>>> print(open('my_file_16.cif').read())   # mmCIF, C-alpha atoms
data_target
#
loop_
_atom_site.label_atom_id
_atom_site.label_comp_id
_atom_site.auth_asym_id
_atom_site.auth_seq_id
_atom_site.Cartn_x
_atom_site.Cartn_y
_atom_site.Cartn_z
CA MET A 1 122.54 96.24 75.47
CA ARG A 2 120.60 99.26 74.24
CA SER A 3 117.03 98.54 73.15
CA GLU A 4 117.31 100.69 70.04
CA ASN A 5 119.93 98.20 68.60
CA ARG A 6 117.64 95.21 68.87
CA LEU A 7 115.79 93.80 65.78
CA THR A 8 113.13 91.21 65.42
CA LEU A 9 113.87 88.24 63.23
CA LEU A 10 111.42 89.52 60.64
CA GLU A 11 113.15 92.93 60.62
CA LEU A 12 116.54 91.29 60.25
CA ASN A 13 115.36 89.06 57.42
CA ARG A 14 113.81 92.06 55.66
CA LEU A 15 117.14 93.83 55.97
CA VAL A 16 118.93 90.86 54.40
CA ARG A 17 116.33 90.79 51.63
CA GLU A 18 116.82 94.49 50.89
CA VAL A 19 120.60 94.08 50.81
CA ILE A 20 120.43 91.16 48.40
CA GLU A 21 117.91 92.88 46.14
CA CYS A 22 120.00 96.04 46.16
CA GLU A 23 123.44 94.49 45.74
CA MET A 24 122.50 91.60 43.38
CA PRO A 25 119.82 92.96 41.07
CA HIS A 26 120.91 90.96 38.00
CA GLU A 27 120.47 87.41 36.75
CA TYR A 28 123.50 85.08 36.62
CA TRP A 29 124.42 81.97 34.63
CA VAL A 30 125.71 79.35 37.07
CA GLU A 31 127.23 75.90 36.47
CA ALA A 32 126.20 73.21 38.96
CA GLU A 33 125.30 69.56 39.39
CA LEU A 34 121.82 68.45 40.38
CA SER A 35 121.83 66.38 43.56
CA GLU A 36 118.02 66.37 43.67
CA CYS A 37 115.25 67.35 41.26
CA ARG A 38 111.53 66.99 41.91
CA GLU A 39 108.26 68.47 40.72
CA SER A 40 105.38 69.55 42.90
CA ARG A 41 102.22 71.37 41.85
CA GLY A 42 103.77 72.40 38.56
CA HIS A 43 106.93 73.86 40.15
CA CYS A 44 110.41 72.29 40.03
CA TYR A 45 112.54 72.14 43.16
CA MET A 46 116.26 71.52 42.81
CA GLU A 47 119.23 70.99 45.07
CA LEU A 48 122.46 72.25 43.51
CA ILE A 49 125.91 71.03 44.40
CA GLN A 50 129.51 71.59 43.34
CA LYS A 51 132.16 68.95 44.00
CA ASP A 52 135.91 69.17 44.24
CA SER A 53 137.36 67.90 40.94
CA GLN A 54 139.98 65.80 42.73
CA THR A 55 138.16 64.35 45.73
CA ALA A 56 134.49 64.68 44.63
CA THR A 57 133.82 66.24 48.03
CA PRO A 58 130.98 68.82 48.02
CA VAL A 59 132.36 72.35 48.27
CA ALA A 60 129.12 74.26 47.73
CA LYS A 61 125.40 73.62 48.05
CA ALA A 62 122.26 75.64 47.36
CA SER A 63 118.53 75.31 46.80
CA ALA A 64 116.89 76.43 43.58
CA LYS A 65 113.34 76.72 42.33
CA CYS A 66 111.75 77.10 38.95
CA TRP A 67 108.22 78.39 39.23
CA ALA A 68 105.51 76.85 37.10
CA SER A 69 105.24 79.96 34.92
CA LYS A 70 108.79 79.36 33.70
CA TRP A 71 108.99 75.58 34.18
CA LEU A 72 106.17 74.86 31.72
CA ALA A 73 108.26 76.45 28.97
CA VAL A 74 111.77 75.48 30.11
CA ARG A 75 111.10 71.79 30.67
CA PRO A 76 109.75 70.83 27.17
CA TYR A 77 112.56 72.72 25.45
CA PHE A 78 115.21 71.03 27.60
CA GLU A 79 113.73 67.55 27.02
CA ARG A 80 113.33 68.05 23.27
CA THR A 81 116.93 69.23 22.95
CA THR A 82 118.64 66.70 25.24
CA GLY A 83 116.24 63.81 24.85
CA GLN A 84 116.19 63.40 28.64
CA ARG A 85 114.47 64.72 31.72
CA LEU A 86 116.27 66.74 34.35
CA ALA A 87 117.53 64.24 36.91
CA ALA A 88 119.97 63.93 39.77
CA GLY A 89 123.56 63.62 38.62
CA MET A 90 123.18 65.92 35.61
CA LYS A 91 125.39 68.92 35.14
CA VAL A 92 123.37 72.01 34.21
CA LEU A 93 123.83 75.65 33.28
CA LEU A 94 121.07 77.65 34.95
CA LYS A 95 120.09 81.29 34.67
CA VAL A 96 119.16 82.42 38.19
CA TYR A 97 118.58 85.40 40.39
CA PRO A 98 118.79 85.44 44.20
CA GLN A 99 115.70 85.57 46.36
CA PHE A 100 115.49 85.83 50.11
CA HIS A 101 112.08 85.31 51.70
CA GLU A 102 111.57 86.37 55.30
CA ALA A 103 109.73 83.12 56.14
CA PHE A 104 111.39 80.56 53.81
CA GLY A 105 114.99 81.76 53.61
CA PHE A 106 117.35 82.01 50.65
CA SER A 107 117.11 80.23 47.28
CA TRP A 108 118.05 80.77 43.67
CA ILE A 109 115.15 81.31 41.29
CA VAL A 110 115.67 79.64 37.90
CA THR A 111 114.48 81.53 34.87
CA ASP A 112 116.21 79.55 32.12
CA ILE A 113 118.26 76.38 31.49
CA ASP A 114 120.80 75.98 28.69
CA PRO A 115 120.30 72.42 27.34
CA THR A 116 123.40 72.63 25.14
CA TYR A 117 125.60 72.68 28.25
CA THR A 118 123.96 69.50 29.54
CA LEU A 119 124.20 67.97 26.09
CA GLY A 120 127.92 68.61 26.13
CA ASP A 121 128.32 66.98 29.52
CA MET A 122 126.14 64.04 28.46
CA ALA A 123 128.20 63.64 25.30
CA ARG A 124 131.39 63.71 27.33
CA LYS A 125 130.09 60.99 29.63
CA ARG A 126 128.91 58.90 26.67
CA GLN A 127 132.30 59.25 24.98
CA GLU A 128 134.04 58.26 28.21
CA ILE A 129 131.87 55.13 28.46
CA ILE A 130 132.50 54.28 24.79
CA ARG A 131 136.25 54.80 25.26
CA GLN A 132 136.26 52.49 28.29
CA LEU A 133 134.29 49.81 26.44
CA LYS A 134 136.76 49.90 23.55
CA GLU A 135 139.72 49.75 25.92
CA GLU A 136 138.17 46.66 27.53
CA GLY A 137 137.82 45.12 24.06
CA VAL A 138 134.08 44.48 24.41
CA TYR A 139 132.57 47.26 22.28
CA ASP A 140 132.19 45.11 19.13
CA LEU A 141 131.72 41.68 20.73
CA GLN A 142 128.00 41.52 19.91
CA LYS A 143 128.70 42.41 16.26
CA GLU A 144 130.93 39.33 16.03
CA LEU A 145 128.06 36.99 16.90
CA SER A 146 126.04 35.39 14.10
CA LEU A 147 122.27 35.53 14.15
CA PRO A 148 121.04 31.92 13.70
CA LEU A 149 119.54 31.17 10.30
CA PHE A 150 116.31 29.95 11.88
CA CYS A 151 115.93 32.65 14.51
CA GLN A 152 112.54 31.71 15.98
CA ASN A 153 113.00 31.26 19.75
CA ILE A 154 113.02 34.80 21.15
CA ALA A 155 113.71 35.98 24.70
CA VAL A 156 112.02 39.38 25.16
CA ILE A 157 112.97 42.00 27.74
CA SER A 158 110.16 44.53 28.10
CA SER A 159 107.60 45.92 30.46
CA GLU A 160 104.81 43.36 30.72
CA THR A 161 102.12 46.02 30.21
CA ALA A 162 103.88 47.98 27.46
CA ALA A 163 101.88 48.47 24.28
CA GLY A 164 105.06 47.91 22.29
CA TYR A 165 105.41 44.36 23.66
CA GLY A 166 101.90 43.52 22.50
CA ASP A 167 102.56 45.05 19.07
CA PHE A 168 105.78 43.05 18.79
CA CYS A 169 104.07 39.73 19.59
CA ASP A 170 101.09 40.49 17.33
CA GLN A 171 103.30 41.31 14.36
CA LEU A 172 105.31 38.11 14.79
CA ALA A 173 102.14 36.02 15.07
CA ASP A 174 100.40 37.64 12.07
CA ASN A 175 103.33 37.61 9.66
CA PRO A 176 102.25 37.05 6.02
CA TYR A 177 104.52 34.03 5.49
CA GLY A 178 103.13 31.85 8.27
CA PHE A 179 106.46 31.69 10.11
CA GLN A 180 106.23 30.28 13.63
CA PHE A 181 107.95 32.24 16.41
CA ARG A 182 108.05 31.45 20.11
CA THR A 183 108.59 34.24 22.64
CA TRP A 184 109.42 34.22 26.34
CA LEU A 185 108.92 37.46 28.30
CA PHE A 186 111.43 38.49 30.96
CA PRO A 187 109.79 41.55 32.53
CA ALA A 188 111.92 44.61 33.31
CA VAL A 189 111.49 48.27 34.19
CA MET A 190 112.02 50.26 31.00
CA GLN A 191 111.78 53.81 32.32
CA GLY A 192 113.38 55.71 35.19
CA GLU A 193 116.43 55.20 37.35
CA ALA A 194 115.82 51.45 37.83
CA THR A 195 115.99 50.73 34.08
CA SER A 196 119.65 49.73 33.83
CA GLN A 197 119.72 47.32 36.77
CA SER A 198 116.33 45.84 35.86
CA ILE A 199 117.54 44.96 32.33
CA ILE A 200 120.76 43.49 33.76
CA ASN A 201 118.69 41.29 36.08
CA ALA A 202 116.55 40.16 33.14
CA LEU A 203 119.68 39.24 31.14
CA GLU A 204 120.90 37.18 34.07
CA ARG A 205 117.58 35.32 34.21
CA ILE A 206 117.78 34.66 30.47
CA PHE A 207 121.33 33.32 30.81
CA ASN A 208 120.30 30.99 33.63
CA ALA A 209 117.21 29.83 31.72
CA GLN A 210 119.31 29.23 28.61
CA GLY A 211 121.37 26.65 30.48
CA SER A 212 118.26 24.65 31.44
CA MET A 213 116.47 24.80 28.04
CA HIS A 214 118.30 21.96 26.31
CA ASN A 215 115.57 21.39 23.74
CA THR A 216 114.72 25.00 22.86
CA PRO A 217 117.65 27.36 23.49
CA PHE A 218 117.09 31.05 22.76
CA ASP A 219 118.21 32.22 19.33
CA CYS A 220 118.33 35.90 20.28
CA VAL A 221 117.29 38.47 22.88
CA VAL A 222 115.05 41.42 21.97
CA ILE A 223 115.02 44.50 24.23
CA ILE A 224 111.98 46.60 23.39
CA ARG A 225 110.30 49.62 24.90
CA GLY A 226 107.00 51.06 23.84
CA GLY A 227 104.76 53.71 25.30
CA GLY A 228 107.43 55.33 27.49
CA ALA A 229 108.55 58.92 27.30
CA THR A 230 111.29 59.48 24.77
CA SER A 231 112.75 62.02 27.19
CA ASP A 232 113.67 59.34 29.76
CA MET A 233 116.52 57.44 28.09
CA SER A 234 119.32 57.83 30.65
CA GLY A 235 118.86 54.26 31.87
CA PHE A 236 120.14 52.96 28.53
CA ASP A 237 123.40 54.92 28.71
CA THR A 238 125.16 53.29 31.66
CA LEU A 239 128.53 51.56 31.62
CA GLU A 240 127.31 48.58 33.64
CA LEU A 241 124.43 47.85 31.25
CA ALA A 242 126.67 48.27 28.20
CA GLU A 243 129.23 45.83 29.62
CA ASN A 244 126.56 43.22 30.35
CA VAL A 245 125.04 43.52 26.88
CA ALA A 246 128.41 43.54 25.10
CA ASN A 247 129.53 40.37 26.90
CA PHE A 248 126.23 38.52 26.49
CA PRO A 249 126.71 35.28 24.48
CA ILE A 250 123.44 35.54 22.51
CA PRO A 251 122.75 38.21 19.82
CA ILE A 252 120.76 41.14 21.25
CA ILE A 253 118.37 43.26 19.15
CA THR A 254 117.24 46.62 20.53
CA GLY A 255 114.07 48.50 19.65
CA ILE A 256 113.59 51.04 22.42
CA GLY A 257 111.62 53.60 20.44
CA HIS A 258 113.48 56.86 20.01
CA ASP A 259 114.68 58.89 17.06
CA ARG A 260 117.59 60.82 18.55
CA ASP A 261 121.21 59.64 18.51
CA GLU A 262 121.78 56.00 19.37
CA SER A 263 121.96 55.11 23.04
CA ILE A 264 125.05 53.26 24.23
CA LEU A 265 122.84 50.19 24.57
CA ASP A 266 122.08 50.47 20.83
CA MET A 267 125.76 50.91 20.01
CA VAL A 268 126.94 47.72 21.71
CA SER A 269 123.99 45.53 20.69
CA HIS A 270 124.08 43.14 17.73
CA THR A 271 121.35 45.00 15.79
CA ARG A 272 119.53 48.26 16.50
CA VAL A 273 116.09 49.14 15.19
CA LYS A 274 113.87 52.03 16.20
CA THR A 275 110.69 50.43 17.53
CA PRO A 276 109.29 47.11 18.78
CA THR A 277 107.39 46.62 15.52
CA ALA A 278 110.59 47.28 13.60
CA ALA A 279 112.26 44.54 15.69
CA ALA A 280 109.49 42.12 14.73
CA ALA A 281 109.80 43.16 11.07
CA PHE A 282 113.56 42.58 11.24
CA LEU A 283 113.12 39.02 12.56
CA ILE A 284 110.46 38.26 9.93
CA SER A 285 112.65 39.72 7.18
CA HIS A 286 115.64 37.69 8.40
CA LEU A 287 113.65 34.45 8.24
CA LYS A 288 112.24 35.46 4.83
CA GLU A 289 115.78 35.93 3.52
CA VAL A 290 116.68 32.44 4.76
CA LEU A 291 113.53 31.02 3.08
CA ASP A 292 114.39 32.83 -0.17
CA ALA A 293 117.94 31.47 -0.02
CA LEU A 294 116.61 27.94 0.52
CA ASN A 295 114.14 28.28 -2.33
CA ASP A 296 116.86 29.66 -4.58
CA SER A 297 119.17 26.77 -3.62
CA GLN A 298 116.36 24.33 -4.27
CA ARG A 299 115.78 25.81 -7.74
CA ARG A 300 119.49 25.77 -8.55
CA ILE A 301 119.83 22.16 -7.38
CA ALA A 302 116.78 21.14 -9.42
CA ASN A 303 118.14 22.96 -12.49
CA TYR A 304 121.57 21.38 -12.06
CA CYS A 305 120.11 17.90 -11.62
CA GLY A 306 117.87 18.38 -14.66
CA SER A 307 120.81 19.59 -16.76
CA LYS A 308 123.00 16.74 -15.55
CA LEU A 309 120.30 14.17 -16.32
CA SER A 310 119.83 15.61 -19.81
CA THR A 311 123.57 15.37 -20.45
CA LEU A 312 123.74 11.80 -19.18
CA ASN A 313 120.67 10.80 -21.22
CA ALA A 314 122.29 12.26 -24.34
CA GLN A 315 125.51 10.35 -23.61
CA LEU A 316 123.53 7.17 -23.02
CA SER A 317 121.65 7.61 -26.30
CA THR A 318 124.93 8.11 -28.15
CA LEU A 319 126.40 4.97 -26.61
CA GLN A 320 123.23 3.03 -27.33
CA ALA A 321 123.37 4.04 -30.99
CA ALA A 322 127.09 3.24 -31.28
CA LEU A 323 126.90 -0.10 -29.43
CA PRO A 324 125.82 -2.31 -32.40
CA ARG A 325 128.64 -0.87 -34.49
CA LEU A 326 131.25 -1.17 -31.74
CA PHE A 327 130.22 -4.62 -30.48
CA PRO A 328 132.08 -6.77 -33.14
CA ALA A 329 135.31 -4.86 -32.63
CA ILE A 330 134.98 -5.03 -28.84
CA LYS A 331 134.13 -8.77 -29.03
CA ALA A 332 137.16 -9.49 -31.21
CA ARG A 333 139.42 -7.46 -28.91
CA GLU A 334 138.17 -9.24 -25.80
CA GLU A 335 138.51 -12.67 -27.49
CA ARG A 336 142.15 -11.86 -28.33
CA ARG A 337 142.72 -10.76 -24.77
CA ILE A 338 141.17 -14.00 -23.45
CA GLU A 339 143.31 -16.10 -25.81
CA ALA A 340 146.43 -14.27 -24.70
CA LEU A 341 145.51 -14.79 -21.05
CA SER A 342 144.79 -18.50 -21.72
CA SER A 343 148.15 -18.94 -23.43
CA ARG A 344 149.95 -17.22 -20.59
CA MET A 345 148.07 -19.34 -18.05
CA MET A 346 148.95 -22.64 -19.81
CA SER A 347 152.58 -21.61 -20.09
CA GLY A 348 152.62 -20.71 -16.41
CA ILE A 349 151.06 -24.07 -15.43
CA GLN A 350 153.59 -26.02 -17.51
CA GLN A 351 156.47 -24.10 -15.95
CA ARG A 352 155.06 -24.78 -12.49
CA LEU A 353 154.67 -28.50 -13.22
CA LEU A 354 158.26 -28.77 -14.51
CA SER A 355 159.54 -27.00 -11.43
CA GLN A 356 157.63 -29.31 -9.08
CA GLN A 357 158.72 -32.43 -10.97
CA ALA A 358 162.38 -31.40 -10.67
CA ARG A 359 161.88 -30.81 -6.93
CA ILE A 360 160.26 -34.26 -6.52
CA SER A 361 163.15 -35.93 -8.40
CA MET A 362 165.71 -34.29 -6.15
CA THR A 363 163.72 -35.40 -3.08
CA GLU A 364 163.57 -39.03 -4.38
CA GLN A 365 167.35 -39.05 -4.78
CA LYS A 366 167.93 -37.74 -1.26
CA LEU A 367 165.32 -39.93 0.45
CA PRO A 368 167.37 -43.26 0.85
CA MET A 369 170.34 -41.40 2.24
CA MET A 370 168.14 -39.39 4.60
CA ALA A 371 166.30 -42.57 5.75
CA LEU A 372 169.59 -44.41 6.44
CA GLN A 373 170.93 -41.44 8.36
CA LYS A 374 167.68 -41.26 10.38
CA LEU A 375 167.80 -45.00 11.20
CA THR A 376 171.43 -44.78 12.32
CA THR A 377 170.64 -41.85 14.57
CA GLU A 378 167.62 -43.59 16.14
CA LYS A 379 169.58 -46.87 16.65
CA HIS A 380 172.28 -44.99 18.49
CA ARG A 381 169.67 -43.24 20.64
CA LEU A 382 168.06 -46.60 21.54
CA GLU A 383 171.44 -48.08 22.51
CA MET A 384 172.06 -45.13 24.79
CA MET A 385 168.65 -45.51 26.42
CA GLU A 386 169.31 -49.28 26.91
CA GLU A 387 172.55 -48.53 28.74
CA LYS A 388 170.77 -46.00 30.98
CA ILE A 389 168.04 -48.56 31.79
CA LYS A 390 170.62 -51.21 32.69
CA MET A 391 172.38 -48.80 34.99
CA LEU A 392 169.09 -48.14 36.78
CA ASP A 393 168.28 -51.90 37.27
CA PRO A 394 167.66 -52.51 41.06
CA ALA A 395 169.44 -55.91 40.79
CA LEU A 396 172.70 -54.13 40.12
CA LEU A 397 172.21 -52.08 43.31
CA LEU A 398 171.51 -55.26 45.32
CA LYS A 399 174.71 -56.88 43.97
CA ARG A 400 176.64 -53.88 45.29
CA GLY A 401 175.38 -54.64 48.84
CA TYR A 402 172.39 -52.32 48.92
CA SER A 403 168.97 -53.46 50.14
CA ILE A 404 165.37 -52.35 49.47
CA THR A 405 162.74 -52.25 52.22
CA LEU A 406 159.13 -52.79 51.24
CA PHE A 407 155.87 -52.34 53.16
CA GLY A 408 152.70 -53.42 51.48
CA GLY A 409 154.60 -53.78 48.19
CA LYS A 410 155.80 -50.16 48.27
CA THR A 411 159.27 -48.83 48.96
CA VAL A 412 159.72 -47.47 52.50
CA ARG A 413 161.27 -43.99 52.32
CA ASP A 414 160.35 -42.61 55.78
CA PRO A 415 160.63 -44.82 58.94
CA MET A 416 158.11 -42.53 60.68
CA ALA A 417 155.46 -43.89 58.33
CA LEU A 418 155.72 -47.38 60.03
CA ARG A 419 153.78 -48.43 63.15
CA PRO A 420 154.47 -51.22 65.71
CA GLY A 421 153.24 -54.54 64.36
CA ASP A 422 153.80 -53.63 60.71
CA GLU A 423 155.46 -56.42 58.63
CA ILE A 424 158.16 -55.31 56.26
CA GLU A 425 160.31 -57.03 53.61
CA THR A 426 163.97 -56.38 53.10
CA ARG A 427 165.32 -57.49 49.72
CA VAL A 428 169.05 -58.30 49.36
CA GLU A 429 171.10 -59.90 46.57
CA LYS A 430 170.52 -63.51 47.81
CA GLY A 431 166.86 -63.30 48.95
CA THR A 432 164.22 -61.64 51.12
CA ILE A 433 164.11 -60.92 54.87
CA LYS A 434 160.74 -60.39 56.62
CA SER A 435 160.58 -58.37 59.83
CA ILE A 436 157.94 -57.09 62.23
CA ILE A 437 158.20 -53.64 63.75
CA LYS A 438 158.28 -53.64 67.55
CA ALA A 439 157.59 -50.75 69.87
#
>>> encode(input="my_file_16.cif", output="structure tokens")
Amino acid sequence: MRSENRLTLLELNRLVREVIECEMPHEYWVEAELSECRESRGHCYMELIQKDSQTATPVAKASAKCWASKWLAVRPYFERTTGQRLAAGMKVLLKVYPQFHEAFGFSWIVTDIDPTYTLGDMARKRQEIIRQLKEEGVYDLQKELSLPLFCQNIAVISSETAAGYGDFCDQLADNPYGFQFRTWLFPAVMQGEATSQSIINALERIFNAQGSMHNTPFDCVVIIRGGGATSDMSGFDTLELAENVANFPIPIITGIGHDRDESILDMVSHTRVKTPTAAAAFLISHLKEVLDALNDSQRRIANYCGSKLSTLNAQLSTLQAALPRLFPAIKAREERRIEALSSRMMSGIQQRLLSQQARISMTEQKLPMMALQKLTTEKHRLEMMEEKIKMLDPALLLKRGYSITLFGGKTVRDPMALRPGDEIETRVEKGTIKSIIKA
């Protein structure tokens, strides 16, 4: 190999740099997905990836950087427009130019990001999640639940240190009507990638606690978020969280503190308000409406009872005034009715007596004949019994040649019952024979 053809690595890298700068002098808009996005010392470092649409297998990868001079302007604009921070998994449209550094290699340098492209992709994903929820038939399940009239036992999902949680509890406690609320905190991460799973875990704890709180079951669940960045809302737009919230058996109220379009969590919840204090105000207002309805019912019942009593008092006064005038006529009418009843009763008694007398007369006529017939029947029965007794007389059996053996005055039926030396009597027609049993 000739020495004049050899290059050092630095020389070769400089050559590559010159070629790239010469052949690719322009900036390019490129579509890609972020597989990694991190900040360091004011700069943003990204890993770009493109996946096969059918297999999701990566077909291209590249590194990209956005220097602090650009990142300080690009980032706020992107977050204001999309309502979210740049994060892994997002699809982005970046304006880049190529840069090859002799010591650090190749990377794309980002000079701009089009947030509308990401918004479109985010909207597509949100619509896909909404479509799937509706196909599953769970999108409106929370809306079908009824908030209890006396909604006072509240399960709260929030960060334990969030200012919004404190504001929520303070507003409930200091309500102007003196309503009593009880709250139970189920801590959860409310910002970042762990948000969705953390809320799901809190819902599971609430469900398990609900089964053991026989005396004080939860009336509703409040998911609140206060003090977090409004640009970090992606955790509230996941299918898994939406499914868990939609299928939860207790009404869920959300107040996660943002003014942009509703999150999917807001869409599937029972009631959505903007902030934790608005959630507290909603619960107080709900209980105030119930109190107003009760007071209104109480007034209407009191008015109805008062009106009814007035009517009845007027009717009673009218009857009281008319009673002296009506009494003689009523007395005469009742006396006539009593006389008629007395006459009917006497007539009925006389008819009954006549009927019984006729029955007694018929019985008296039949009695001698019935007595004679009874005596004849009984006489015949006695004669038959006498004949049977005669036929059973032992003397008749003895006359026929039969005998009766006695031992101790009792008839001997089994010879095995006798022992040697026993004295027995044998009765025959003409007398008695005594014998002694020998061995």
>>> resolve_selection(input="my_file_16.cif", expression="the PyMOL selection byres ((chain A and resi 70) around 10)", output="list of chain:residue names")
A:Gly42, A:His43, A:Cys44, A:Cys66, A:Trp67, A:Ala68, A:Ser69, A:Trp71, A:Leu72, A:Ala73, A:Val74, A:Arg75, A:Val110, A:Thr111, A:Asp112
>>> atom_distance(input="my_file_16.cif", atom1="CA of Lys61 (chain A)", atom2="CA of Leu93 (chain A)")
15.0 Å
>>> residues_near_point(input="my_file_16.cif", point="(130.0, 40.5, 15.9)", cutoff="12 Å", atoms="only C-alpha atoms", output="MDAnalysis selection string")
chainID A and resid 138:147 246:252 267:271
>>> closest_residue(input="my_file_16.cif", among="A:Gln365, A:Thr405, A:Asn244, A:Ser107", to="Ala202 (chain A)", atoms="all atoms listed in the file")
A:Asn244
>>> resolve_selection(input="my_file_16.cif", expression="the PyMOL selection byres ((chain A and resi 100) around 9)", output="list in words")
Asn13, Arg14, Val16, Arg17, Glu18, Ile20, Glu21, Pro98, Gln99, His101, Glu102, Ala103, Phe104, Gly105, Phe106, Ser107 and Trp108 of chain A
>>> write_last_selection(input="my_file_16.cif", atoms="C-alpha atoms", output="compact mmCIF listing (two decimals), keeping the file's coordinate frame")
# COMPACT_ATOMS: atom_id res chain seq x y z
CA ASN A 13 115.36 89.06 57.42
CA ARG A 14 113.81 92.06 55.66
CA VAL A 16 118.93 90.86 54.40
CA ARG A 17 116.33 90.79 51.63
CA GLU A 18 116.82 94.49 50.89
CA ILE A 20 120.43 91.16 48.40
CA GLU A 21 117.91 92.88 46.14
CA PRO A 98 118.79 85.44 44.20
CA GLN A 99 115.70 85.57 46.36
CA HIS A 101 112.08 85.31 51.70
CA GLU A 102 111.57 86.37 55.30
CA ALA A 103 109.73 83.12 56.14
CA PHE A 104 111.39 80.56 53.81
CA GLY A 105 114.99 81.76 53.61
CA PHE A 106 117.35 82.01 50.65
CA SER A 107 117.11 80.23 47.28
CA TRP A 108 118.05 80.77 43.67
>>> residues_around(input="my_file_16.cif", residues="region 172-182 of chain A", least_positions_apart="2", cutoff="8 Å", atoms="all atoms listed in the file", output="VMD selection string")
chain A and resid 152 to 154 168 to 170 184 280 to 281 284 287 to 288
>>> residues_near_point(input="my_file_16.cif", point="(113.9, 69.1, 39.4)", cutoff="9 Å", atoms="all atoms listed in the file", output="CSV table (one decimal) with C-alpha atoms, in the frame of the given file")
chain,number,residue,atom,x,y,z
A,34,LEU,CA,121.8,68.4,40.4
A,36,GLU,CA,118.0,66.4,43.7
A,37,CYS,CA,115.2,67.4,41.3
A,38,ARG,CA,111.5,67.0,41.9
A,39,GLU,CA,108.3,68.5,40.7
A,43,HIS,CA,106.9,73.9,40.2
A,44,CYS,CA,110.4,72.3,40.0
A,45,TYR,CA,112.5,72.1,43.2
A,46,MET,CA,116.3,71.5,42.8
A,47,GLU,CA,119.2,71.0,45.1
A,64,ALA,CA,116.9,76.4,43.6
A,65,LYS,CA,113.3,76.7,42.3
A,66,CYS,CA,111.8,77.1,39.0
A,85,ARG,CA,114.5,64.7,31.7
A,86,LEU,CA,116.3,66.7,34.4
A,87,ALA,CA,117.5,64.2,36.9
A,88,ALA,CA,120.0,63.9,39.8
>>> closest_residue(input="my_file_16.cif", among="A:Leu326, A:Ile389, A:Ala371, A:Ala242", to="Gln132 (chain A)", atoms="only C-alpha atoms")
A:Ala242
>>> resolve_selection(input="my_file_16.cif", expression="the PyMOL selection byres ((chain A and resi 426) around 7)", output="list in words")
Ser403, Ile404, Thr405, Leu406, Ile424, Glu425, Arg427, Val428, Thr432, Ile433 and Lys434 of chain A
>>> residues_around(input="my_file_16.cif", residues="His286 (chain A)", least_positions_apart="4", cutoff="9 Å", atoms="all atoms listed in the file", output="number ranges by chain")
A: 149-151, 281-282, 290-291
>>> atom_distance(input="my_file_16.cif", atom1="CA of Val221 (chain A)", atom2="CA of Met122 (chain A)")
27.6 Å
